[in-house]
Structure formats: structure tokens, C-alpha cells
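Source file: input_32.cif. Holds: mmCIF, N, CA and C atoms.
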data_coords
loop_
_atom_site.label_atom_id
_atom_site.label_comp_id
_atom_site.auth_asym_id
_atom_site.auth_seq_id
_atom_site.Cartn_x
_atom_site.Cartn_y
_atom_site.Cartn_z
N MET M 1 -39.43 -126.47 17.19
CA MET M 1 -39.73 -125.43 18.16
C MET M 1 -39.69 -126.00 19.58
N HIS M 2 -40.42 -127.10 19.82
CA HIS M 2 -40.46 -127.63 21.18
C HIS M 2 -39.12 -128.18 21.62
N LEU M 3 -38.40 -128.82 20.72
CA LEU M 3 -37.11 -129.38 21.12
C LEU M 3 -36.10 -128.29 21.42
N ALA M 4 -36.16 -127.17 20.72
CA ALA M 4 -35.24 -126.06 21.01
C ALA M 4 -35.45 -125.54 22.42
N LYS M 5 -36.71 -125.40 22.82
CA LYS M 5 -36.99 -124.92 24.18
C LYS M 5 -36.58 -125.94 25.23
N LEU M 6 -36.78 -127.21 24.93
CA LEU M 6 -36.45 -128.25 25.90
C LEU M 6 -34.94 -128.45 26.02
N THR M 7 -34.22 -128.40 24.92
CA THR M 7 -32.77 -128.60 24.99
C THR M 7 -32.09 -127.43 25.69
N ALA M 8 -32.75 -126.30 25.79
CA ALA M 8 -32.18 -125.15 26.50
C ALA M 8 -32.19 -125.36 28.02
N LEU M 9 -32.95 -126.33 28.50
CA LEU M 9 -33.01 -126.63 29.93
C LEU M 9 -31.86 -127.59 30.26
N ASN M 10 -30.77 -127.06 30.79
CA ASN M 10 -29.55 -127.87 30.96
C ASN M 10 -29.69 -129.00 31.97
N TRP M 11 -30.70 -129.01 32.79
CA TRP M 11 -30.93 -130.07 33.77
C TRP M 11 -31.89 -131.14 33.26
N LEU M 12 -32.43 -130.94 32.06
CA LEU M 12 -33.34 -131.90 31.45
C LEU M 12 -32.54 -132.80 30.52
N ARG M 13 -32.72 -134.09 30.65
CA ARG M 13 -32.00 -135.05 29.81
C ARG M 13 -32.98 -135.70 28.83
N LEU M 14 -32.88 -135.29 27.57
CA LEU M 14 -33.68 -135.92 26.53
C LEU M 14 -33.00 -137.22 26.13
N GLN M 15 -33.74 -138.30 26.14
CA GLN M 15 -33.18 -139.61 25.83
C GLN M 15 -33.17 -139.84 24.32
N GLY M 16 -32.21 -140.59 23.86
CA GLY M 16 -32.16 -140.96 22.45
C GLY M 16 -31.22 -140.11 21.63
N GLU M 17 -31.17 -140.42 20.37
CA GLU M 17 -30.28 -139.75 19.42
C GLU M 17 -30.87 -138.40 19.01
N PRO M 18 -30.11 -137.31 19.14
CA PRO M 18 -30.64 -135.99 18.79
C PRO M 18 -31.13 -135.87 17.35
N ASP M 19 -30.47 -136.54 16.42
CA ASP M 19 -30.86 -136.42 15.01
C ASP M 19 -32.06 -137.28 14.65
N ASN M 20 -32.47 -138.17 15.54
CA ASN M 20 -33.57 -139.08 15.23
C ASN M 20 -34.79 -138.87 16.11
N ARG M 21 -34.91 -137.71 16.72
CA ARG M 21 -36.07 -137.45 17.57
C ARG M 21 -37.25 -137.00 16.71
N GLY M 22 -38.41 -137.37 17.16
CA GLY M 22 -39.62 -136.96 16.48
C GLY M 22 -40.54 -136.23 17.44
N ALA M 23 -41.81 -136.39 17.22
CA ALA M 23 -42.80 -135.70 18.05
C ALA M 23 -42.94 -136.34 19.42
N ILE M 24 -42.54 -137.60 19.55
CA ILE M 24 -42.59 -138.28 20.84
C ILE M 24 -41.18 -138.30 21.40
N PHE M 25 -41.04 -137.90 22.65
CA PHE M 25 -39.70 -137.86 23.25
C PHE M 25 -39.77 -138.25 24.71
N SER M 26 -38.69 -138.88 25.18
CA SER M 26 -38.58 -139.28 26.58
C SER M 26 -37.53 -138.43 27.25
N PHE M 27 -37.73 -138.20 28.55
CA PHE M 27 -36.79 -137.36 29.27
C PHE M 27 -36.72 -137.75 30.73
N THR M 28 -35.61 -137.35 31.36
CA THR M 28 -35.42 -137.46 32.80
C THR M 28 -34.91 -136.10 33.27
N MET M 29 -34.88 -135.93 34.58
CA MET M 29 -34.35 -134.69 35.16
C MET M 29 -33.26 -135.05 36.15
N GLU M 30 -32.22 -134.23 36.20
CA GLU M 30 -31.05 -134.51 37.04
C GLU M 30 -31.39 -134.77 38.49
N ASN M 31 -32.20 -133.94 39.11
CA ASN M 31 -32.41 -134.01 40.55
C ASN M 31 -33.69 -134.72 40.97
N ALA M 32 -34.47 -135.19 40.01
CA ALA M 32 -35.74 -135.82 40.34
C ALA M 32 -35.52 -137.23 40.88
N GLY M 33 -36.30 -137.61 41.86
CA GLY M 33 -36.18 -138.94 42.43
C GLY M 33 -36.65 -140.02 41.47
N HIS M 34 -37.78 -139.83 40.84
CA HIS M 34 -38.35 -140.84 39.94
C HIS M 34 -39.23 -140.13 38.92
N ALA M 35 -39.40 -140.75 37.78
CA ALA M 35 -40.23 -140.18 36.73
C ALA M 35 -41.67 -139.95 37.20
N HIS M 36 -42.15 -140.81 38.10
CA HIS M 36 -43.51 -140.62 38.60
C HIS M 36 -43.63 -139.32 39.40
N ASP M 37 -42.56 -138.91 40.07
CA ASP M 37 -42.57 -137.64 40.79
C ASP M 37 -42.72 -136.48 39.81
N ILE M 38 -42.00 -136.55 38.72
CA ILE M 38 -42.09 -135.51 37.69
C ILE M 38 -43.50 -135.46 37.12
N SER M 39 -44.03 -136.63 36.77
CA SER M 39 -45.35 -136.66 36.13
C SER M 39 -46.44 -136.14 37.06
N THR M 40 -46.31 -136.36 38.35
CA THR M 40 -47.29 -135.85 39.31
C THR M 40 -47.30 -134.33 39.32
N ILE M 41 -46.13 -133.73 39.32
CA ILE M 41 -46.04 -132.26 39.31
C ILE M 41 -46.58 -131.71 38.00
N LEU M 42 -46.22 -132.32 36.88
CA LEU M 42 -46.71 -131.84 35.59
C LEU M 42 -48.23 -131.96 35.52
N ASP M 43 -48.77 -133.05 36.05
CA ASP M 43 -50.22 -133.25 36.05
C ASP M 43 -50.93 -132.13 36.81
N LYS M 44 -50.36 -131.70 37.92
CA LYS M 44 -50.96 -130.62 38.70
C LYS M 44 -51.00 -129.31 37.92
N LYS M 45 -50.14 -129.20 36.91
CA LYS M 45 -50.10 -128.00 36.06
C LYS M 45 -50.85 -128.22 34.74
N GLY M 46 -51.56 -129.34 34.64
CA GLY M 46 -52.37 -129.60 33.45
C GLY M 46 -51.61 -130.19 32.28
N VAL M 47 -50.43 -130.74 32.55
CA VAL M 47 -49.61 -131.34 31.49
C VAL M 47 -49.64 -132.86 31.66
N ALA M 48 -50.09 -133.56 30.64
CA ALA M 48 -50.18 -135.02 30.71
C ALA M 48 -48.95 -135.65 30.05
N VAL M 49 -48.27 -136.49 30.79
CA VAL M 49 -47.15 -137.27 30.27
C VAL M 49 -47.30 -138.70 30.78
N ARG M 50 -46.59 -139.61 30.16
CA ARG M 50 -46.50 -140.98 30.65
C ARG M 50 -45.22 -141.08 31.46
N ALA M 51 -45.21 -141.91 32.48
CA ALA M 51 -44.01 -142.10 33.29
C ALA M 51 -43.84 -143.57 33.60
N GLY M 52 -42.61 -144.01 33.56
CA GLY M 52 -42.30 -145.40 33.88
C GLY M 52 -41.27 -145.95 32.91
N GLN M 53 -41.37 -147.25 32.66
CA GLN M 53 -40.42 -147.90 31.75
C GLN M 53 -40.99 -148.08 30.35
N HIS M 54 -42.25 -147.77 30.15
CA HIS M 54 -42.88 -147.79 28.82
C HIS M 54 -42.72 -149.14 28.13
N CYS M 55 -42.82 -150.22 28.90
CA CYS M 55 -42.66 -151.59 28.38
C CYS M 55 -41.31 -151.77 27.70
N ALA M 56 -40.29 -151.07 28.19
CA ALA M 56 -38.96 -151.12 27.58
C ALA M 56 -37.88 -151.19 28.65
N GLY M 57 -38.03 -152.12 29.60
CA GLY M 57 -37.06 -152.27 30.68
C GLY M 57 -35.63 -152.43 30.21
N PRO M 58 -35.36 -153.30 29.21
CA PRO M 58 -33.97 -153.42 28.74
C PRO M 58 -33.41 -152.11 28.18
N LEU M 59 -34.25 -151.33 27.53
CA LEU M 59 -33.79 -150.03 27.03
C LEU M 59 -33.45 -149.10 28.18
N MET M 60 -34.28 -149.09 29.23
CA MET M 60 -33.99 -148.26 30.39
C MET M 60 -32.64 -148.65 31.00
N ASP M 61 -32.39 -149.96 31.08
CA ASP M 61 -31.10 -150.44 31.58
C ASP M 61 -29.96 -149.93 30.70
N HIS M 62 -30.15 -150.02 29.39
CA HIS M 62 -29.13 -149.55 28.45
C HIS M 62 -28.87 -148.05 28.61
N LEU M 63 -29.93 -147.29 28.83
CA LEU M 63 -29.79 -145.83 29.00
C LEU M 63 -29.28 -145.46 30.38
N GLY M 64 -29.30 -146.41 31.32
CA GLY M 64 -28.82 -146.14 32.66
C GLY M 64 -29.80 -145.36 33.52
N VAL M 65 -31.09 -145.51 33.23
CA VAL M 65 -32.13 -144.84 34.02
C VAL M 65 -33.13 -145.88 34.51
N THR M 66 -33.78 -145.58 35.63
CA THR M 66 -34.79 -146.51 36.15
C THR M 66 -36.13 -146.34 35.45
N ALA M 67 -36.41 -145.12 35.00
CA ALA M 67 -37.66 -144.80 34.33
C ALA M 67 -37.51 -143.44 33.66
N SER M 68 -38.46 -143.10 32.80
CA SER M 68 -38.44 -141.79 32.15
C SER M 68 -39.86 -141.29 32.00
N CYS M 69 -39.96 -140.02 31.66
CA CYS M 69 -41.25 -139.44 31.28
C CYS M 69 -41.28 -139.39 29.76
N ARG M 70 -42.47 -139.51 29.21
CA ARG M 70 -42.62 -139.46 27.76
C ARG M 70 -43.74 -138.48 27.42
N ALA M 71 -43.43 -137.58 26.52
CA ALA M 71 -44.41 -136.59 26.06
C ALA M 71 -44.45 -136.60 24.54
N SER M 72 -45.47 -136.01 24.00
CA SER M 72 -45.55 -135.92 22.54
C SER M 72 -46.28 -134.65 22.15
N PHE M 73 -45.93 -134.19 20.98
CA PHE M 73 -46.60 -133.04 20.39
C PHE M 73 -47.18 -133.45 19.05
N ALA M 74 -48.25 -132.79 18.66
CA ALA M 74 -48.88 -133.05 17.37
C ALA M 74 -49.18 -131.71 16.70
N PHE M 75 -49.70 -131.78 15.50
CA PHE M 75 -49.96 -130.57 14.73
C PHE M 75 -50.94 -129.63 15.41
N TYR M 76 -51.77 -130.14 16.30
CA TYR M 76 -52.78 -129.31 16.95
C TYR M 76 -52.28 -128.65 18.23
N ASN M 77 -51.09 -129.00 18.69
CA ASN M 77 -50.56 -128.35 19.89
C ASN M 77 -50.14 -126.92 19.56
N THR M 78 -50.29 -126.06 20.54
CA THR M 78 -49.98 -124.64 20.35
C THR M 78 -48.65 -124.28 21.01
N LYS M 79 -48.13 -123.12 20.64
CA LYS M 79 -46.92 -122.61 21.29
C LYS M 79 -47.16 -122.43 22.78
N SER M 80 -48.36 -122.02 23.13
CA SER M 80 -48.72 -121.84 24.54
C SER M 80 -48.60 -123.15 25.31
N GLU M 81 -48.98 -124.26 24.69
CA GLU M 81 -48.86 -125.55 25.36
C GLU M 81 -47.40 -125.96 25.54
N VAL M 82 -46.56 -125.63 24.58
CA VAL M 82 -45.13 -125.88 24.74
C VAL M 82 -44.61 -125.06 25.92
N ASP M 83 -45.02 -123.80 25.98
CA ASP M 83 -44.60 -122.94 27.09
C ASP M 83 -45.08 -123.48 28.43
N THR M 84 -46.31 -124.01 28.46
CA THR M 84 -46.84 -124.59 29.70
C THR M 84 -46.00 -125.78 30.14
N LEU M 85 -45.60 -126.63 29.21
CA LEU M 85 -44.73 -127.76 29.55
C LEU M 85 -43.41 -127.26 30.12
N VAL M 86 -42.80 -126.30 29.47
CA VAL M 86 -41.51 -125.77 29.93
C VAL M 86 -41.66 -125.16 31.33
N GLU M 87 -42.73 -124.40 31.55
CA GLU M 87 -42.96 -123.79 32.87
C GLU M 87 -43.18 -124.86 33.94
N ALA M 88 -43.92 -125.90 33.61
CA ALA M 88 -44.16 -126.98 34.57
C ALA M 88 -42.87 -127.73 34.88
N LEU M 89 -42.04 -127.94 33.86
CA LEU M 89 -40.75 -128.58 34.09
C LEU M 89 -39.85 -127.71 34.96
N GLN M 90 -39.90 -126.40 34.74
CA GLN M 90 -39.11 -125.49 35.57
C GLN M 90 -39.56 -125.57 37.02
N LEU M 91 -40.87 -125.61 37.25
CA LEU M 91 -41.39 -125.76 38.61
C LEU M 91 -40.89 -127.06 39.24
N ALA M 92 -40.97 -128.15 38.49
CA ALA M 92 -40.49 -129.43 39.01
C ALA M 92 -39.01 -129.35 39.36
N ASN M 93 -38.23 -128.75 38.49
CA ASN M 93 -36.79 -128.61 38.76
C ASN M 93 -36.55 -127.77 40.01
N ASP M 94 -37.31 -126.70 40.17
CA ASP M 94 -37.17 -125.86 41.36
C ASP M 94 -37.49 -126.65 42.63
N LEU M 95 -38.51 -127.50 42.56
CA LEU M 95 -38.90 -128.30 43.73
C LEU M 95 -37.86 -129.37 44.05
N PHE M 96 -37.27 -129.97 43.02
CA PHE M 96 -36.28 -131.02 43.23
C PHE M 96 -34.90 -130.46 43.52
N GLY M 97 -34.65 -129.23 43.05
CA GLY M 97 -33.34 -128.59 43.13
C GLY M 97 -32.68 -128.72 44.43
#
What is this structure when it is put down as C-alpha cells?
Amino acid sequence: MHLAKLTALNWLRLQGEPDNRGAIFSFTMENAGHAHDISTILDKKGVAVRAGQHCAGPLMDHLGVTASCRASFAFYNTKSEVDTLVEALQLANDLFG
């Protein structure tokens, strides 16, 4: 459910292999300056993500990004929380656009 909504955002880049994604996923945005900028906006909307290199600098180099945001969902997350993430990402995209 969450990945379907996120992959519909054509300016959001989900990192990694599509067939091997799980509940934890990393992403970048086309127009964002840095992952920390994204995480600050999401935080203001009540969405907690990690931002940076996640102790994986060589992987970031391999992916061709300086940093990424990382989010996760669990069995207790609601559809409303997925919608809140998507809305917060849309706001960030509008601001960076």
C-alpha cells in the first residue's frame, strides 16, 4: 500500500531494487538540496524520518547521491499515516519545485 502511493510520486526516487524493498525504504527528491532539508519539512508535519548517509557512505557513492531520507512502516501504522507522509512529501516538493 505505502509503496504504491510513493511510487506514484514521479519526483520521488526510491533507492534500491524494486523487488527487494521491505518496510524500510530510502528516498531522495529531484529538486531537494539535501536530505536534511527534506527531513526538516517532514518533521514540521509530524513525520519522523532519518536523513544522511546512514553509516553507508560507500553505498551513497554507488547510488550517486550525497545522502538520503529513510522511513519505515510497521504493522501498527495506519493508512492515515501513509497519507500524512505523502502529503508532507508533496509539500516539500512544492517548496523545492
*asked:* Excluding Asn93 (chain M) and its own-chain neighbours fewer than 4 positions away, which residues fall within 8 Å of it when counting all atoms listed in the file? Please give them as JSON, numbers by chain.
replied: {"M": [11, 29, 30, 31, 32, 38, 87, 88, 89, 97]}
I need the chosen residues saved as a tab-separated table (two decimals), in the coordinates of the input, with N, CA and C atoms.
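Once written, again_12.tsv looks like this:
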chain	number	residue	atom	x	y	z
M	11	TRP	N	-30.70	-129.01	32.79
M	11	TRP	CA	-30.93	-130.07	33.77
M	11	TRP	C	-31.89	-131.14	33.26
M	29	MET	N	-34.88	-135.93	34.58
M	29	MET	CA	-34.35	-134.69	35.16
M	29	MET	C	-33.26	-135.05	36.15
M	30	GLU	N	-32.22	-134.23	36.20
M	30	GLU	CA	-31.05	-134.51	37.04
M	30	GLU	C	-31.39	-134.77	38.49
M	31	ASN	N	-32.20	-133.94	39.11
M	31	ASN	CA	-32.41	-134.01	40.55
M	31	ASN	C	-33.69	-134.72	40.97
M	32	ALA	N	-34.47	-135.19	40.01
M	32	ALA	CA	-35.74	-135.82	40.34
M	32	ALA	C	-35.52	-137.23	40.88
M	38	ILE	N	-42.00	-136.55	38.72
M	38	ILE	CA	-42.09	-135.51	37.69
M	38	ILE	C	-43.50	-135.46	37.12
M	87	GLU	N	-42.73	-124.40	31.55
M	87	GLU	CA	-42.96	-123.79	32.87
M	87	GLU	C	-43.18	-124.86	33.94
M	88	ALA	N	-43.92	-125.90	33.61
M	88	ALA	CA	-44.16	-126.98	34.57
M	88	ALA	C	-42.87	-127.73	34.88
M	89	LEU	N	-42.04	-127.94	33.86
M	89	LEU	CA	-40.75	-128.58	34.09
M	89	LEU	C	-39.85	-127.71	34.96
M	97	GLY	N	-34.65	-129.23	43.05
M	97	GLY	CA	-33.34	-128.59	43.13
M	97	GLY	C	-32.68	-128.72	44.43
*M:Leu95, M:Gln53, M:Gly46, M:Ala23 ranked by distance to Ala74 (chain M), top pick (using only N, CA and C atoms)*: M:Ala23
*Looking at only C-alpha atoms, which of M:Leu3, M:Thr66, M:Ala71, M:Lys45 is the one that sits closest to Phe27 (chain M)?*
M:Ala71
*Between CA of Val49 (chain M) and atom C of Gly16 (chain M), what is the spacing in Å?*
18.3 Å
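Interatomic distance, atom C of Ala35 (chain M) against atom C of Val47 (chain M): 12.0 Å.
The space between CA of Asn10 (chain M) and CA of Thr28 (chain M) spans 11.4 Å.
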*Within 7 Å of Arg70 (chain M), counting all atoms listed in the file, which residues show up once you throw out same-chain ones fewer than 6 positions away? Write them as a list in words, please.*
Ile24, Phe25, Ser26, Phe27, Ala48, Val49, Arg50, Ala51 and Gly52 of chain M
_DSSP strand (DSSP E) residues within region 20-97 of chain M, as a PyMOL selection string_ = chain M and resi 24-29+50-52+68-72
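Residue-level DSSP output for region 16-61 of chain M, from the backbone, shows alpha helix (DSSP H) at Ala35, His36, Asp37, Ile38, Ser39, Thr40, Ile41, Leu42, Asp43, Lys44, Gly57, Pro58, Leu59, Met60 and Asp61 of chain M.
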Need a file for chain M from that block: C-alpha atoms, written as a PDB file, in the first residue's frame.
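Written out: result.pdb:
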ATOM      1  CA  MET M   1       0.000   0.000   0.000  1.00  0.00           C
ATOM      2  CA  HIS M   2       2.625   2.558   1.019  1.00  0.00           C
ATOM      3  CA  LEU M   3       4.957   1.766  -1.853  1.00  0.00           C
ATOM      4  CA  ALA M   4       2.162   2.142  -4.403  1.00  0.00           C
ATOM      5  CA  LYS M   5       1.426   5.653  -3.150  1.00  0.00           C
ATOM      6  CA  LEU M   6       5.099   6.575  -3.042  1.00  0.00           C
ATOM      7  CA  THR M   7       5.978   5.221  -6.485  1.00  0.00           C
ATOM      8  CA  ALA M   8       3.156   7.339  -7.920  1.00  0.00           C
ATOM      9  CA  LEU M   9       5.178  10.456  -6.995  1.00  0.00           C
ATOM     10  CA  ASN M  10       7.290  10.815 -10.148  1.00  0.00           C
ATOM     11  CA  TRP M  11       9.742  13.248  -8.492  1.00  0.00           C
ATOM     12  CA  LEU M  12      10.473  10.878  -5.591  1.00  0.00           C
ATOM     13  CA  ARG M  13      13.375   8.481  -6.088  1.00  0.00           C
ATOM     14  CA  LEU M  14      13.115   5.292  -4.056  1.00  0.00           C
ATOM     15  CA  GLN M  15      16.578   3.792  -3.676  1.00  0.00           C
ATOM     16  CA  GLY M  16      17.304   0.118  -4.155  1.00  0.00           C
ATOM     17  CA  GLU M  17      15.846  -2.783  -6.072  1.00  0.00           C
ATOM     18  CA  PRO M  18      12.051  -2.574  -6.520  1.00  0.00           C
ATOM     19  CA  ASP M  19      11.564  -6.313  -5.973  1.00  0.00           C
ATOM     20  CA  ASN M  20      13.594  -6.358  -2.761  1.00  0.00           C
ATOM     21  CA  ARG M  21      12.055  -3.472  -0.834  1.00  0.00           C
ATOM     22  CA  GLY M  22      10.613  -4.041   2.576  1.00  0.00           C
ATOM     23  CA  ALA M  23       9.119  -1.906   5.287  1.00  0.00           C
ATOM     24  CA  ILE M  24      12.257   0.253   5.488  1.00  0.00           C
ATOM     25  CA  PHE M  25      12.993   2.360   2.437  1.00  0.00           C
ATOM     26  CA  SER M  26      15.325   5.183   1.458  1.00  0.00           C
ATOM     27  CA  PHE M  27      14.468   8.004  -0.885  1.00  0.00           C
ATOM     28  CA  THR M  28      15.642  11.258  -2.414  1.00  0.00           C
ATOM     29  CA  MET M  29      13.761  14.016  -4.213  1.00  0.00           C
ATOM     30  CA  GLU M  30      14.683  15.514  -7.585  1.00  0.00           C
ATOM     31  CA  ASN M  31      14.729  19.182  -6.592  1.00  0.00           C
ATOM     32  CA  ALA M  32      15.726  18.970  -2.929  1.00  0.00           C
ATOM     33  CA  GLY M  33      19.078  20.397  -1.936  1.00  0.00           C
ATOM     34  CA  HIS M  34      19.877  17.825   0.752  1.00  0.00           C
ATOM     35  CA  ALA M  35      18.136  15.042   2.636  1.00  0.00           C
ATOM     36  CA  HIS M  36      18.311  17.136   5.808  1.00  0.00           C
ATOM     37  CA  ASP M  37      16.160  19.780   4.092  1.00  0.00           C
ATOM     38  CA  ILE M  38      13.528  17.149   3.333  1.00  0.00           C
ATOM     39  CA  SER M  39      13.602  15.757   6.864  1.00  0.00           C
ATOM     40  CA  THR M  40      13.158  19.227   8.373  1.00  0.00           C
ATOM     41  CA  ILE M  41       9.999  19.833   6.352  1.00  0.00           C
ATOM     42  CA  LEU M  42       8.614  16.382   7.141  1.00  0.00           C
ATOM     43  CA  ASP M  43       9.344  16.921  10.840  1.00  0.00           C
ATOM     44  CA  LYS M  44       7.287  20.125  10.811  1.00  0.00           C
ATOM     45  CA  LYS M  45       4.373  17.998   9.555  1.00  0.00           C
ATOM     46  CA  GLY M  46       4.846  15.380  12.278  1.00  0.00           C
ATOM     47  CA  VAL M  47       6.620  12.811  10.110  1.00  0.00           C
ATOM     48  CA  ALA M  48       9.834  11.349  11.529  1.00  0.00           C
ATOM     49  CA  VAL M  49      12.498  10.124   9.115  1.00  0.00           C
ATOM     50  CA  ARG M  50      16.244   9.660   9.284  1.00  0.00           C
ATOM     51  CA  ALA M  51      18.415  11.721   6.952  1.00  0.00           C
ATOM     52  CA  GLY M  52      22.044  11.416   5.986  1.00  0.00           C
ATOM     53  CA  GLN M  53      24.327   8.626   4.853  1.00  0.00           C
ATOM     54  CA  HIS M  54      23.056   6.072   7.403  1.00  0.00           C
ATOM     55  CA  CYS M  55      26.625   4.829   8.062  1.00  0.00           C
ATOM     56  CA  ALA M  56      26.748   3.743   4.413  1.00  0.00           C
ATOM     57  CA  GLY M  57      28.931   6.311   2.629  1.00  0.00           C
ATOM     58  CA  PRO M  58      30.227   3.847   0.004  1.00  0.00           C
ATOM     59  CA  LEU M  59      26.643   2.866  -0.830  1.00  0.00           C
ATOM     60  CA  MET M  60      25.679   6.526  -1.243  1.00  0.00           C
ATOM     61  CA  ASP M  61      28.614   6.913  -3.640  1.00  0.00           C
ATOM     62  CA  HIS M  62      27.461   3.836  -5.558  1.00  0.00           C
ATOM     63  CA  LEU M  63      23.910   5.213  -5.777  1.00  0.00           C
ATOM     64  CA  GLY M  64      25.226   8.604  -6.884  1.00  0.00           C
ATOM     65  CA  VAL M  65      23.619  10.553  -4.038  1.00  0.00           C
ATOM     66  CA  THR M  66      25.153  12.574  -1.213  1.00  0.00           C
ATOM     67  CA  ALA M  67      22.519  11.474   1.317  1.00  0.00           C
ATOM     68  CA  SER M  68      19.009  10.066   1.531  1.00  0.00           C
ATOM     69  CA  CYS M  69      15.998  10.008   3.797  1.00  0.00           C
ATOM     70  CA  ARG M  70      14.938   6.737   5.356  1.00  0.00           C
ATOM     71  CA  ALA M  71      11.452   5.881   6.557  1.00  0.00           C
ATOM     72  CA  SER M  72       9.785   2.720   7.737  1.00  0.00           C
ATOM     73  CA  PHE M  73       6.338   1.338   8.245  1.00  0.00           C
ATOM     74  CA  ALA M  74       5.201  -1.349  10.652  1.00  0.00           C
ATOM     75  CA  PHE M  75       2.022  -3.285  11.312  1.00  0.00           C
ATOM     76  CA  TYR M  76       0.749  -0.557  13.635  1.00  0.00           C
ATOM     77  CA  ASN M  77       0.949   2.260  11.079  1.00  0.00           C
ATOM     78  CA  THR M  78      -2.356   3.414   9.660  1.00  0.00           C
ATOM     79  CA  LYS M  79      -3.455   4.412   6.169  1.00  0.00           C
ATOM     80  CA  SER M  80      -3.817   7.928   7.544  1.00  0.00           C
ATOM     81  CA  GLU M  81      -0.126   7.968   8.467  1.00  0.00           C
ATOM     82  CA  VAL M  82       0.807   6.894   4.941  1.00  0.00           C
ATOM     83  CA  ASP M  83      -1.354   9.731   3.625  1.00  0.00           C
ATOM     84  CA  THR M  84       0.353  12.169   6.013  1.00  0.00           C
ATOM     85  CA  LEU M  85       3.770  11.135   4.679  1.00  0.00           C
ATOM     86  CA  VAL M  86       2.622  11.568   1.076  1.00  0.00           C
ATOM     87  CA  GLU M  87       1.098  14.988   1.858  1.00  0.00           C
ATOM     88  CA  ALA M  88       4.278  16.117   3.643  1.00  0.00           C
ATOM     89  CA  LEU M  89       6.394  14.939   0.705  1.00  0.00           C
ATOM     90  CA  GLN M  90       4.119  16.837  -1.668  1.00  0.00           C
ATOM     91  CA  LEU M  91       4.596  19.991   0.425  1.00  0.00           C
ATOM     92  CA  ALA M  92       8.371  19.522   0.338  1.00  0.00           C
ATOM     93  CA  ASN M  93       8.280  19.045  -3.422  1.00  0.00           C
ATOM     94  CA  ASP M  94       6.173  22.184  -3.830  1.00  0.00           C
ATOM     95  CA  LEU M  95       8.682  24.164  -1.755  1.00  0.00           C
ATOM     96  CA  PHE M  96      11.695  22.834  -3.661  1.00  0.00           C
ATOM     97  CA  GLY M  97       9.955  22.915  -7.055  1.00  0.00           C
TER      98      GLY M  97
END
